[in-house]
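Participant: Okay, so here is run-v9.txt, and as you'll see once you scroll down, it has compact mmCIF, C-alpha atoms.
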```txt
# COMPACT_ATOMS: atom_id res chain seq x y z
CA MET A 1 70.00 -41.19 -57.33
CA PRO A 2 67.19 -40.82 -59.85
CA PRO A 3 66.38 -37.30 -61.11
CA GLN A 4 63.06 -37.17 -59.25
CA GLY A 5 64.76 -37.92 -55.91
CA ARG A 6 67.32 -35.17 -56.45
CA LYS A 7 64.53 -32.65 -57.12
CA ARG A 8 62.64 -33.65 -53.97
CA ALA A 9 65.82 -33.36 -51.86
CA ARG A 10 66.56 -29.85 -53.15
CA ARG A 11 62.94 -28.78 -52.44
CA ASP A 12 63.06 -30.18 -48.93
CA GLY A 13 66.37 -28.40 -48.29
CA ARG A 14 64.90 -25.05 -49.32
CA THR A 15 61.87 -25.61 -47.08
CA VAL A 16 64.05 -26.33 -44.05
CA LEU A 17 66.14 -23.23 -44.74
CA VAL A 18 63.06 -20.98 -44.98
CA ARG A 19 61.68 -22.35 -41.71
CA CYS A 20 64.97 -21.81 -39.90
CA LEU A 21 65.20 -18.19 -41.11
CA GLY A 22 61.57 -17.57 -40.07
CA ALA A 23 62.24 -18.96 -36.57
CA ILE A 24 65.34 -16.75 -36.19
CA LEU A 25 63.40 -13.62 -37.24
CA LEU A 26 60.55 -14.47 -34.83
CA VAL A 27 62.99 -14.82 -31.89
CA VAL A 28 64.66 -11.50 -32.77
CA LEU A 29 61.27 -9.72 -32.94
CA LEU A 30 60.17 -11.12 -29.61
CA ALA A 31 63.46 -10.09 -27.99
CA GLN A 32 63.13 -6.54 -29.40
CA ASN A 33 59.54 -6.29 -28.23
CA ALA A 34 60.55 -7.40 -24.73
CA GLY A 35 63.39 -4.88 -24.68
CA LEU A 36 66.15 -7.52 -24.57
CA VAL A 37 67.59 -6.58 -27.95
CA ARG A 38 67.83 -3.04 -29.25
CA CYS A 39 66.15 -2.47 -32.58
CA PRO A 40 68.23 -0.45 -35.05
CA LEU A 41 65.06 1.19 -36.39
CA ASN A 42 63.70 2.08 -32.94
CA ASP A 43 65.91 3.93 -30.49
CA VAL A 44 63.39 3.76 -27.55
CA SER A 45 64.83 1.92 -24.60
CA ALA A 46 63.11 -0.89 -22.73
CA ASP A 47 62.72 1.31 -19.61
CA GLU A 48 60.98 3.97 -21.64
CA LYS A 49 58.72 1.36 -23.13
CA ALA A 50 57.93 0.01 -19.66
CA ALA A 51 57.26 3.55 -18.41
CA SER A 52 54.98 4.17 -21.40
CA ARG A 53 53.13 0.96 -20.60
CA ARG A 54 52.68 2.00 -16.95
CA GLU A 55 51.51 5.46 -17.97
CA TRP A 56 49.03 3.90 -20.39
CA ALA A 57 47.84 1.51 -17.69
CA GLU A 58 47.39 4.41 -15.23
CA GLU A 59 45.48 6.42 -17.85
CA LYS A 60 43.38 3.41 -18.54
CA ALA A 61 42.66 2.89 -14.81
CA ALA A 62 41.87 6.61 -14.39
CA PHE A 63 39.54 6.42 -17.36
CA ARG A 64 37.82 3.42 -15.82
CA ARG A 65 37.44 5.20 -12.46
CA GLU A 66 36.10 8.29 -14.17
CA TRP A 67 33.64 6.16 -16.13
CA ALA A 68 32.59 4.31 -12.95
CA GLU A 69 32.00 7.64 -11.12
CA GLU A 70 30.03 8.98 -14.07
CA LYS A 71 27.94 5.81 -14.11
CA ALA A 72 27.33 6.10 -10.36
CA GLY A 73 26.30 9.75 -10.78
CA LEU A 74 23.93 8.84 -13.59
CA ARG A 75 22.47 6.04 -11.45
CA ARG A 76 21.94 8.40 -8.48
CA GLU A 77 20.30 10.95 -10.76
CA TRP A 78 18.05 8.23 -12.19
CA GLU A 79 17.16 6.95 -8.73
CA GLY A 80 16.27 10.50 -7.60
CA GLU A 81 14.05 10.98 -10.63
CA TRP A 82 12.44 7.57 -10.00
CA ALA A 83 11.78 8.44 -6.31
CA ALA A 84 10.20 11.76 -7.33
CA HIS A 85 8.11 9.90 -9.87
CA ARG A 86 6.92 7.43 -7.25
CA ALA A 87 6.11 10.29 -4.85
CA GLU A 88 4.06 11.94 -7.58
CA ILE A 89 2.17 8.67 -8.07
CA GLY A 90 1.58 8.44 -4.29
CA ASP A 91 0.20 12.01 -4.21
CA ALA A 92 -2.13 11.20 -7.09
CA ARG A 93 -3.34 8.10 -5.28
CA ARG A 94 -3.95 10.03 -2.04
CA ARG A 95 -5.88 12.74 -3.89
CA TRP A 96 -7.96 10.08 -5.57
CA ALA A 97 -8.61 8.37 -2.22
CA ALA A 98 -9.69 11.66 -0.63
CA GLU A 99 -12.07 12.42 -3.51
CA ARG A 100 -13.45 8.91 -3.33
CA ALA A 101 -13.91 9.11 0.48
CA ALA A 102 -15.75 12.44 0.14
CA HIS A 103 -17.96 10.97 -2.56
CA LEU A 104 -18.74 7.89 -0.46
CA ALA A 105 -19.50 10.07 2.59
CA GLU A 106 -21.92 12.14 0.51
CA VAL A 107 -23.62 9.00 -0.79
CA GLU A 108 -23.89 7.58 2.75
CA GLN A 109 -25.53 10.78 4.07
CA VAL A 110 -28.12 10.71 1.30
CA ARG A 111 -28.80 7.03 2.03
CA ASN A 112 -29.41 7.75 5.73
CA ARG A 113 -31.81 10.61 5.02
CA TRP A 114 -33.69 8.53 2.50
CA ALA A 115 -33.92 5.54 4.86
CA ALA A 116 -35.24 7.73 7.70
CA GLU A 117 -37.92 9.29 5.49
CA ARG A 118 -39.16 6.14 3.71
CA ASP A 119 -38.78 2.86 5.56
CA ALA A 120 -41.19 1.29 3.07
CA HIS A 121 -38.51 1.37 0.34
CA ARG A 122 -35.74 -0.55 2.14
CA ASP A 123 -35.56 -3.21 -0.53
CA GLU A 124 -34.90 -0.57 -3.19
CA VAL A 125 -32.18 0.99 -1.02
CA GLU A 126 -30.51 -2.41 -0.59
CA ASP A 127 -30.50 -2.88 -4.37
CA ALA A 128 -28.86 0.53 -4.78
CA ARG A 129 -26.24 -0.34 -2.15
CA ARG A 130 -25.39 -3.57 -3.95
CA ARG A 131 -24.97 -1.68 -7.21
CA TRP A 132 -22.70 0.85 -5.52
CA GLY A 133 -20.73 -1.98 -3.95
CA VAL A 134 -20.09 -3.46 -7.38
CA GLU A 135 -18.99 -0.07 -8.71
CA GLN A 136 -16.54 0.31 -5.81
CA GLU A 137 -14.56 -2.78 -6.86
CA ALA A 138 -11.60 -0.98 -8.38
CA HIS A 139 -7.91 -0.40 -7.73
CA ARG A 140 -7.38 -3.73 -5.87
CA ALA A 141 -3.95 -4.40 -7.29
CA GLU A 142 -0.98 -2.10 -7.80
CA VAL A 143 -0.23 -1.10 -11.33
CA GLY A 144 3.20 -1.63 -12.86
CA THR A 145 3.68 1.77 -14.49
CA TRP A 146 2.63 5.38 -13.89
CA THR A 147 0.99 5.61 -17.31
CA ARG A 148 -1.32 2.67 -16.56
CA GLU A 149 -2.14 4.22 -13.15
CA ARG A 150 -3.20 7.47 -14.81
CA ALA A 151 -5.36 5.57 -17.30
CA GLU A 152 -7.10 3.71 -14.47
CA HIS A 153 -7.66 6.99 -12.63
CA VAL A 154 -9.32 8.46 -15.72
CA ASP A 155 -11.58 5.39 -15.86
CA GLU A 156 -12.45 5.87 -12.19
CA VAL A 157 -13.35 9.54 -12.75
CA ALA A 158 -15.66 8.50 -15.56
CA GLY A 159 -17.24 5.93 -13.25
CA TRP A 160 -17.81 8.62 -10.59
CA GLN A 161 -19.58 10.76 -13.15
CA ARG A 162 -21.84 7.84 -14.02
CA ASP A 163 -22.52 7.32 -10.31
CA ARG A 164 -23.42 11.00 -9.88
CA ASP A 165 -25.76 10.87 -12.86
CA GLY A 166 -27.39 7.72 -11.51
CA HIS A 167 -27.66 9.28 -8.06
CA ALA A 168 -29.37 12.36 -9.53
CA ARG A 169 -31.90 10.10 -11.24
CA GLU A 170 -32.53 8.29 -7.96
CA LEU A 171 -33.11 11.60 -6.17
CA GLU A 172 -35.71 12.48 -8.78
CA ASP A 173 -37.42 9.11 -8.21
CA TRP A 174 -37.34 9.66 -4.44
CA ALA A 175 -38.88 13.12 -4.80
CA ARG A 176 -41.68 11.71 -6.96
CA GLN A 177 -42.37 8.92 -4.48
CA ARG A 178 -42.39 11.36 -1.55
CA ALA A 179 -44.95 13.47 -3.39
CA GLU A 180 -47.10 10.35 -3.88
CA GLU A 181 -46.77 9.50 -0.17
CA ALA A 182 -47.74 13.06 0.80
CA ALA A 183 -50.85 12.81 -1.36
CA HIS A 184 -51.68 9.47 0.24
CA ARG A 185 -51.31 10.93 3.75
CA LEU A 186 -53.61 13.83 2.87
CA GLU A 187 -56.23 11.39 1.67
CA LEU A 188 -55.78 9.35 4.85
CA GLU A 189 -56.17 12.45 7.03
CA ARG A 190 -59.32 13.47 5.15
CA ARG A 191 -60.95 10.07 5.69
CA SER A 192 -59.80 9.67 9.32
CA GLN A 193 -61.51 12.83 10.61
CA GLY A 194 -63.11 12.06 13.97
CA VAL A 195 -60.51 9.45 15.04
CA TYR A 196 -58.83 10.41 18.34
CA TRP A 197 -56.41 9.21 21.01
CA THR A 198 -57.51 8.47 24.56
CA GLU A 199 -55.66 10.14 27.44
CA PRO A 200 -52.13 8.59 27.60
CA LEU A 201 -51.76 6.07 30.44
CA GLY A 202 -48.34 5.51 32.07
CA ASP A 203 -47.07 2.01 32.84
CA PRO A 204 -46.57 1.54 36.60
CA ASN A 205 -43.17 -0.05 35.87
CA CYS A 206 -40.19 1.72 34.30
CA HIS A 207 -39.07 0.82 30.80
CA ALA A 208 -35.40 1.87 31.24
CA TYR A 209 -33.26 4.41 33.08
CA GLY A 210 -35.28 7.66 33.24
CA THR A 211 -37.86 6.22 30.81
CA ARG A 212 -41.50 5.13 31.30
CA THR A 213 -43.88 3.56 28.78
CA TYR A 214 -47.15 5.38 27.97
CA TYR A 215 -50.12 3.86 26.12
CA SER A 216 -53.05 5.43 24.31
CA TRP A 217 -55.99 3.78 22.53
CA LEU A 218 -57.23 4.85 19.07
CA ARG A 219 -61.00 5.46 19.02
CA ASP A 220 -63.65 5.78 16.26
CA LEU A 221 -61.42 4.22 13.62
CA PRO A 222 -63.38 3.39 10.40
CA GLY A 223 -63.12 -0.27 9.57
CA ASP A 224 -62.10 0.29 5.93
CA LEU A 225 -58.97 2.27 6.89
CA ASN A 226 -55.53 0.73 7.52
CA TRP A 227 -55.21 0.91 11.32
CA ARG A 228 -51.39 0.96 11.19
CA GLU A 229 -51.22 3.90 8.75
CA VAL A 230 -53.78 5.87 10.77
CA CYS A 231 -51.88 5.13 14.01
CA PHE A 232 -48.56 6.44 12.69
CA ASN A 233 -50.15 9.56 11.12
CA MET A 234 -52.40 10.76 13.97
CA PRO A 235 -52.06 14.17 15.66
CA PRO A 236 -49.63 14.25 18.59
CA VAL A 237 -50.38 13.39 22.22
CA VAL A 238 -49.33 15.40 25.32
CA VAL A 239 -47.53 13.78 28.27
CA HIS A 240 -46.43 15.97 31.22
CA GLY A 241 -46.82 19.06 29.06
CA ARG A 242 -44.59 17.66 26.31
CA THR A 243 -45.87 16.89 22.80
CA PHE A 244 -45.12 13.52 21.19
CA THR A 245 -45.97 12.92 17.54
CA THR A 246 -45.44 9.51 15.97
CA PRO A 247 -45.77 6.57 18.40
CA ASP A 248 -42.70 4.39 18.96
CA LYS A 249 -44.91 1.38 18.33
CA CYS A 250 -48.45 0.63 17.03
CA GLU A 251 -50.14 -2.68 17.94
CA ARG A 252 -53.57 -4.36 18.05
CA ASN A 253 -54.76 -6.36 21.03
CA GLY A 254 -57.06 -9.37 21.09
CA LYS A 255 -60.12 -7.13 21.15
CA GLY A 256 -59.15 -5.51 17.85
CA GLU A 257 -58.20 -2.23 19.57
CA THR A 258 -55.35 -0.17 18.17
CA ILE A 259 -52.83 0.90 20.85
CA GLY A 260 -50.03 3.46 20.43
CA THR A 261 -46.92 3.17 22.60
CA TRP A 262 -44.51 6.00 23.54
CA TYR A 263 -41.27 5.69 25.54
CA VAL A 264 -41.06 8.96 27.48
CA SER A 265 -37.79 10.04 29.10
CA GLY A 266 -36.56 13.18 30.83
CA THR A 267 -39.70 13.69 32.95
CA GLU A 268 -39.66 10.45 34.94
CA PRO A 269 -37.72 10.95 38.18
CA GLY A 270 -39.30 7.79 39.57
CA CYS A 271 -37.33 5.79 36.99
CA THR A 272 -33.92 7.23 37.90
CA THR A 273 -31.67 4.56 39.40
CA HIS A 274 -28.15 5.00 40.77
CA TRP A 275 -25.08 2.94 41.52
CA GLY A 276 -23.72 1.88 44.87
CA GLU A 277 -20.03 2.08 45.67
CA ILE A 278 -17.98 1.19 42.58
CA SER A 279 -15.05 -1.02 43.60
CA ALA A 280 -12.00 -2.15 41.62
CA LYS A 281 -11.42 -5.88 41.20
CA GLU A 282 -8.87 -8.06 39.40
CA CYS A 283 -7.61 -7.64 35.83
CA VAL A 284 -10.00 -8.96 33.20
CA PRO A 285 -8.90 -12.48 32.14
CA GLY A 286 -8.12 -12.75 28.42
CA LYS A 287 -8.38 -8.97 27.93
CA PRO A 288 -4.96 -7.36 28.57
CA GLY A 289 -4.97 -3.70 29.64
CA PHE A 290 -8.40 -3.75 31.37
CA ARG A 291 -9.47 -4.03 35.02
CA ARG A 292 -12.87 -5.18 36.28
CA TYR A 293 -14.98 -2.76 38.33
CA GLU A 294 -18.39 -3.58 39.80
CA ALA A 295 -21.24 -1.99 41.80
CA SER A 296 -24.82 -2.81 42.76
CA ILE A 297 -27.77 -1.04 41.09
CA ASP A 298 -29.89 0.85 43.64
CA GLY A 299 -33.27 2.53 43.48
CA VAL A 300 -34.93 0.00 41.14
CA PRO A 301 -38.74 0.46 41.50
CA LYS A 302 -40.68 -2.58 42.59
CA GLY A 303 -41.87 -4.69 39.66
CA THR A 304 -39.36 -3.09 37.23
CA ASP A 305 -36.92 -5.22 35.25
CA ALA A 306 -33.63 -4.81 37.18
CA GLN A 307 -31.65 -6.21 34.23
CA MET A 308 -32.98 -3.46 31.93
CA MET A 309 -32.37 -0.70 34.50
CA CYS A 310 -28.81 -1.96 35.05
CA ALA A 311 -28.10 -2.07 31.31
CA THR A 312 -29.27 1.53 30.76
CA THR A 313 -27.94 3.38 33.83
CA PRO A 314 -24.85 5.56 33.09
CA ALA A 315 -21.79 5.79 35.33
CA THR A 316 -18.36 7.43 35.58
CA VAL A 317 -15.57 4.98 36.48
CA GLU A 318 -12.00 6.24 36.93
CA ARG A 319 -12.90 9.46 35.01
CA VAL A 320 -14.25 7.37 32.10
CA GLN A 321 -17.91 8.02 31.16
CA PHE A 322 -19.98 4.89 30.42
CA ASP A 323 -23.52 5.07 29.03
CA SER A 324 -24.06 1.53 30.32
CA PRO A 325 -22.06 -1.22 32.05
CA THR A 326 -20.03 -3.69 30.05
CA THR A 327 -22.35 -6.39 31.38
CA CYS A 328 -24.89 -7.00 34.18
CA GLU A 329 -24.98 -10.09 36.39
CA TRP A 330 -26.98 -11.34 39.35
CA SER A 331 -25.01 -11.88 42.55
CA GLY A 332 -27.47 -13.67 44.79
CA TRP A 333 -30.48 -11.32 45.04
CA THR A 334 -28.48 -8.28 43.92
CA MET A 335 -28.07 -7.06 40.35
CA MET A 336 -24.46 -6.01 39.74
CA GLY A 337 -23.10 -3.73 37.03
CA ILE A 338 -19.66 -4.67 35.69
CA TRP A 339 -17.29 -2.35 33.78
CA HIS A 340 -14.04 -3.14 31.94
CA VAL A 341 -11.89 -0.03 32.44
CA PRO A 342 -8.46 0.59 30.79
CA ASP A 343 -5.62 0.04 33.29
CA SER A 344 -1.91 0.20 32.42
CA GLN A 345 -1.09 -2.22 35.28
CA CYS A 346 -3.02 -5.05 33.61
CA PHE A 347 -0.56 -5.72 30.76
```
Please rewrite the model in this file as C-alpha cells.
Facilitator:
Amino acid sequence: MPPQGRKRARRDGRTVLVRCLGAILLVVLLAQNAGLVRCPLNDVSADEKAASRREWAEEKAAFRREWAEEKAGLRREWEGEWAAHRAEIGDARRRWAAERAAHLAEVEQVRNRWAAERDAHRDEVEDARRRWGVEQEAHRAEVGTWTRERAEHVDEVAGWQRDRDGHARELEDWARQRAEEAAHRLELERRSQGVYWTEPLGDPNCHAYGTRTYYSWLRDLPGDLNWREVCFNMPPVVVHGRTFTTPDKCERNGKGETIGTWYVSGTEPGCTTHWGEISAKECVPGKPGFRRYEASIDGVPKGTDAQMMCATTPATVERVQFDSPTTCEWSGWTMMGIWHVPDSQCF
C-alpha cells in the first residue's frame, strides 16, 4: 500500500473510533437522565426525580391558575371602572340635554310672545328660526372617547353663549321696533279722531257652538288713512254688556265700507246645541283599540250650518271629554257626530 493510503486509513480509523465513543457516551447520558442508569456523581433516584418533576409541574400549574385569577380580577376591575366611566358620560349627556331643552323652551316662549305682538314681522321670525335650526345641528353621532365628548360639550356651551348674545340683540331690535309701532299708532289715533263704530249687529245664524257673529261698520273714515290699520286700532265695542277690543276680522264690501267682525261666545244661549242619545257601534276598522260611537246633533237653529255646529259641540263619551267629534257625517237628513273612543275589547 502506498504511504498516502496508509495515512488515510489510520485517519479514518480514528474518526470511526471517536464517533463510536461519542455514541456510547450519548446513550449513557440519556439513560441517566431517564433514571435507567444511576449516575455515580448524582445519587438522586429516578423516583425522586419524577416526584420533583411532578412537584414542579404542580407549582407551575398553580402559578398559572394564580396568574389567570389575577388577570380575571384585573379585567373585572377594569370593566367596573369602564362602566363607571360610561355612566359618568351618560350623566354628562343628560345634563347637557336638560340644559339644551330648557334653553330651547325659553327661546320658544320668546318666539311666541314676539309673534303675538308683531304679526307684521313673520318673515324676520322665520329667518331667525332657520338660523336657530342650523345652530341646533350638533351631537348627531356618538363620539368614540370621553375626552372628545367633553371637547364637543365645551363647543356646545360656547355656541349657547353665542345664541344668548344673538338673542339679546334681537330683543333690543324688537323693543326698538315696538317703540316705532307705538309711535305710529299714536299718530294714527291722532288723525282718526271722529271715526266711530256703528251699533254692533248680530248675525241671525250661529257661527259655531255658543258663538254668534256680530258686525259693525266704520264711519267717517278719512280717505287718506289706511282703513285696515284704523279698523284694528279703534276703541272697543260693547255687545251684551261685554267689551270687545280688536275685531277678529276687518273687511271692505263692494261699496267701499269698512266692516269689523267679532265672534262672540258665552252670551249666546240660542246657539247652544246638544247631542241625542250616544250609542256604541262596532270597532273602528283599521284602528285597533277604538270603538265607534255616534249621536245626532239636536237644537241646530234654522239656517245655521249644521256641519259647523256638529264640529264644535262638546260631548262626554264613556267618561272621556271631547271638545268636538272625531268626524261629522250626514245620515239622510240628520247630521251625525262620530267619536272614536278607546276600548280594550277592540284589540
Participant: Could you give me, as an NGL selection string, the residues within 6 Å of range 320-328 of chain A, counting all atoms listed in the file and dropping anything in the same chain fewer than 3 positions from it?
Facilitator: :A and (311-317 or 336-339)
Participant: Can I get the selection written as a PDB file, in the coordinates of the input, with C-alpha atoms?
Facilitator:
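Written out: again-v9.pdb:
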```pdb
ATOM      1  CA  ALA A 311     -28.100  -2.070  31.310  1.00  0.00           C
ATOM      2  CA  THR A 312     -29.270   1.530  30.760  1.00  0.00           C
ATOM      3  CA  THR A 313     -27.940   3.380  33.830  1.00  0.00           C
ATOM      4  CA  PRO A 314     -24.850   5.560  33.090  1.00  0.00           C
ATOM      5  CA  ALA A 315     -21.790   5.790  35.330  1.00  0.00           C
ATOM      6  CA  THR A 316     -18.360   7.430  35.580  1.00  0.00           C
ATOM      7  CA  VAL A 317     -15.570   4.980  36.480  1.00  0.00           C
ATOM      8  CA  MET A 336     -24.460  -6.010  39.740  1.00  0.00           C
ATOM      9  CA  GLY A 337     -23.100  -3.730  37.030  1.00  0.00           C
ATOM     10  CA  ILE A 338     -19.660  -4.670  35.690  1.00  0.00           C
ATOM     11  CA  TRP A 339     -17.290  -2.350  33.780  1.00  0.00           C
TER      12      TRP A 339
END
```
Participant: How many Å lie between CA of Gln307 in chain A and CA of Tyr209 in chain A, rounded to one decimal?
Facilitator: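 These atoms are spaced 10.8 Å apart.
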Participant: Please report the interatomic distance between CA of Cys346 in chain A and CA of Gly289 in chain A in Å with one decimal.
Facilitator: 4.6 Å
Participant: For Glu108 in chain A, which residue out of A:Glu70, A:Leu30, A:Ala50, A:His167 is the nearest one, using only C-alpha atoms?
Facilitator: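 Under the stated criterion, the closest residue is A:His167.
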Participant: Would you kindly return, as a compact mmCIF listing (two decimals) with C-alpha atoms, in the coordinates of the input, each protein, DNA or RNA residue with an atom no farther than 7 Å from any atom of range 299-306 of chain A, considering all atoms listed in the file and excluding same-chain residues fewer than 3 positions away?
Facilitator:
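Saved to out_3.txt:
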```
# COMPACT_ATOMS: atom_id res chain seq x y z
CA ASN A 205 -43.17 -0.05 35.87
CA CYS A 206 -40.19 1.72 34.30
CA THR A 273 -31.67 4.56 39.40
CA HIS A 274 -28.15 5.00 40.77
CA MET A 309 -32.37 -0.70 34.50
CA CYS A 310 -28.81 -1.96 35.05
CA MET A 335 -28.07 -7.06 40.35
```
Participant: What are the nearest atom pairs, with distances in Å to one decimal, for all residues of range 170-248 of chain A that come at most 6 Å from range 256-262 of chain A, using only C-alpha atoms, set out by chain and rising residue number as a tab-separated table?
Facilitator:
```
residue	atom	partner	partner_atom	distance
A:Thr213	CA	A:Trp262	CA	5.8
A:Tyr214	CA	A:Trp262	CA	5.2
A:Tyr215	CA	A:Thr261	CA	4.8
A:Ser216	CA	A:Gly260	CA	5.3
A:Trp217	CA	A:Ile259	CA	4.6
A:Leu218	CA	A:Thr258	CA	5.4
A:Pro247	CA	A:Trp262	CA	5.3
A:Asp248	CA	A:Trp262	CA	5.2
```
Participant: How many Å lie between CA of Glu59 in chain A and CA of Leu29 in chain A, rounded to one decimal?
Facilitator: 27.2 Å
Participant: Need to verify the contact set: range 228-244 of chain A, 9 Å, all atoms listed in the file, exclusion of same-chain residues closer than 5 positions in sequence. Can you return it as a PyMOL selection string?
Facilitator: chain A and resi 185+188-189+192+195-200+214+216+218+221+249-252+258-260+262+264+267
Participant: Select, from A:Arg64, A:Arg118, A:Arg319, A:Arg291, the residue with the minimum atom-to-atom distance to Gln345 in chain A, counting all atoms listed in the file.
Facilitator: A:Arg291
Participant: Using only C-alpha atoms for the distances, tell me which of A:Trp67, A:Ala208, A:Val134, A:Gly332 is nearest to Gly266 in chain A.
Facilitator: A:Ala208
Participant: So that I can see what lies close to Arg111 in chain A, please list as a PyMOL selection string the residues with an atom at most 8 Å from it, counting only C-alpha atoms and leaving out residues fewer than 4 positions away in the same chain.
Facilitator: chain A and resi 107+115+125
Participant: Within 12 Å of range 169-172 of chain A, counting all atoms listed in the file, which residues show up once you throw out same-chain ones fewer than 4 positions away? Write them as a CSV table (one decimal) with C-alpha atoms, in the frame of the given file, please.
Facilitator:
```
chain,number,residue,atom,x,y,z
A,107,VAL,CA,-23.6,9.0,-0.8
A,110,VAL,CA,-28.1,10.7,1.3
A,111,ARG,CA,-28.8,7.0,2.0
A,113,ARG,CA,-31.8,10.6,5.0
A,114,TRP,CA,-33.7,8.5,2.5
A,124,GLU,CA,-34.9,-0.6,-3.2
A,125,VAL,CA,-32.2,1.0,-1.0
A,127,ASP,CA,-30.5,-2.9,-4.4
A,128,ALA,CA,-28.9,0.5,-4.8
A,162,ARG,CA,-21.8,7.8,-14.0
A,163,ASP,CA,-22.5,7.3,-10.3
A,164,ARG,CA,-23.4,11.0,-9.9
A,165,ASP,CA,-25.8,10.9,-12.9
A,176,ARG,CA,-41.7,11.7,-7.0
A,177,GLN,CA,-42.4,8.9,-4.5
A,178,ARG,CA,-42.4,11.4,-1.6
A,179,ALA,CA,-45.0,13.5,-3.4
```
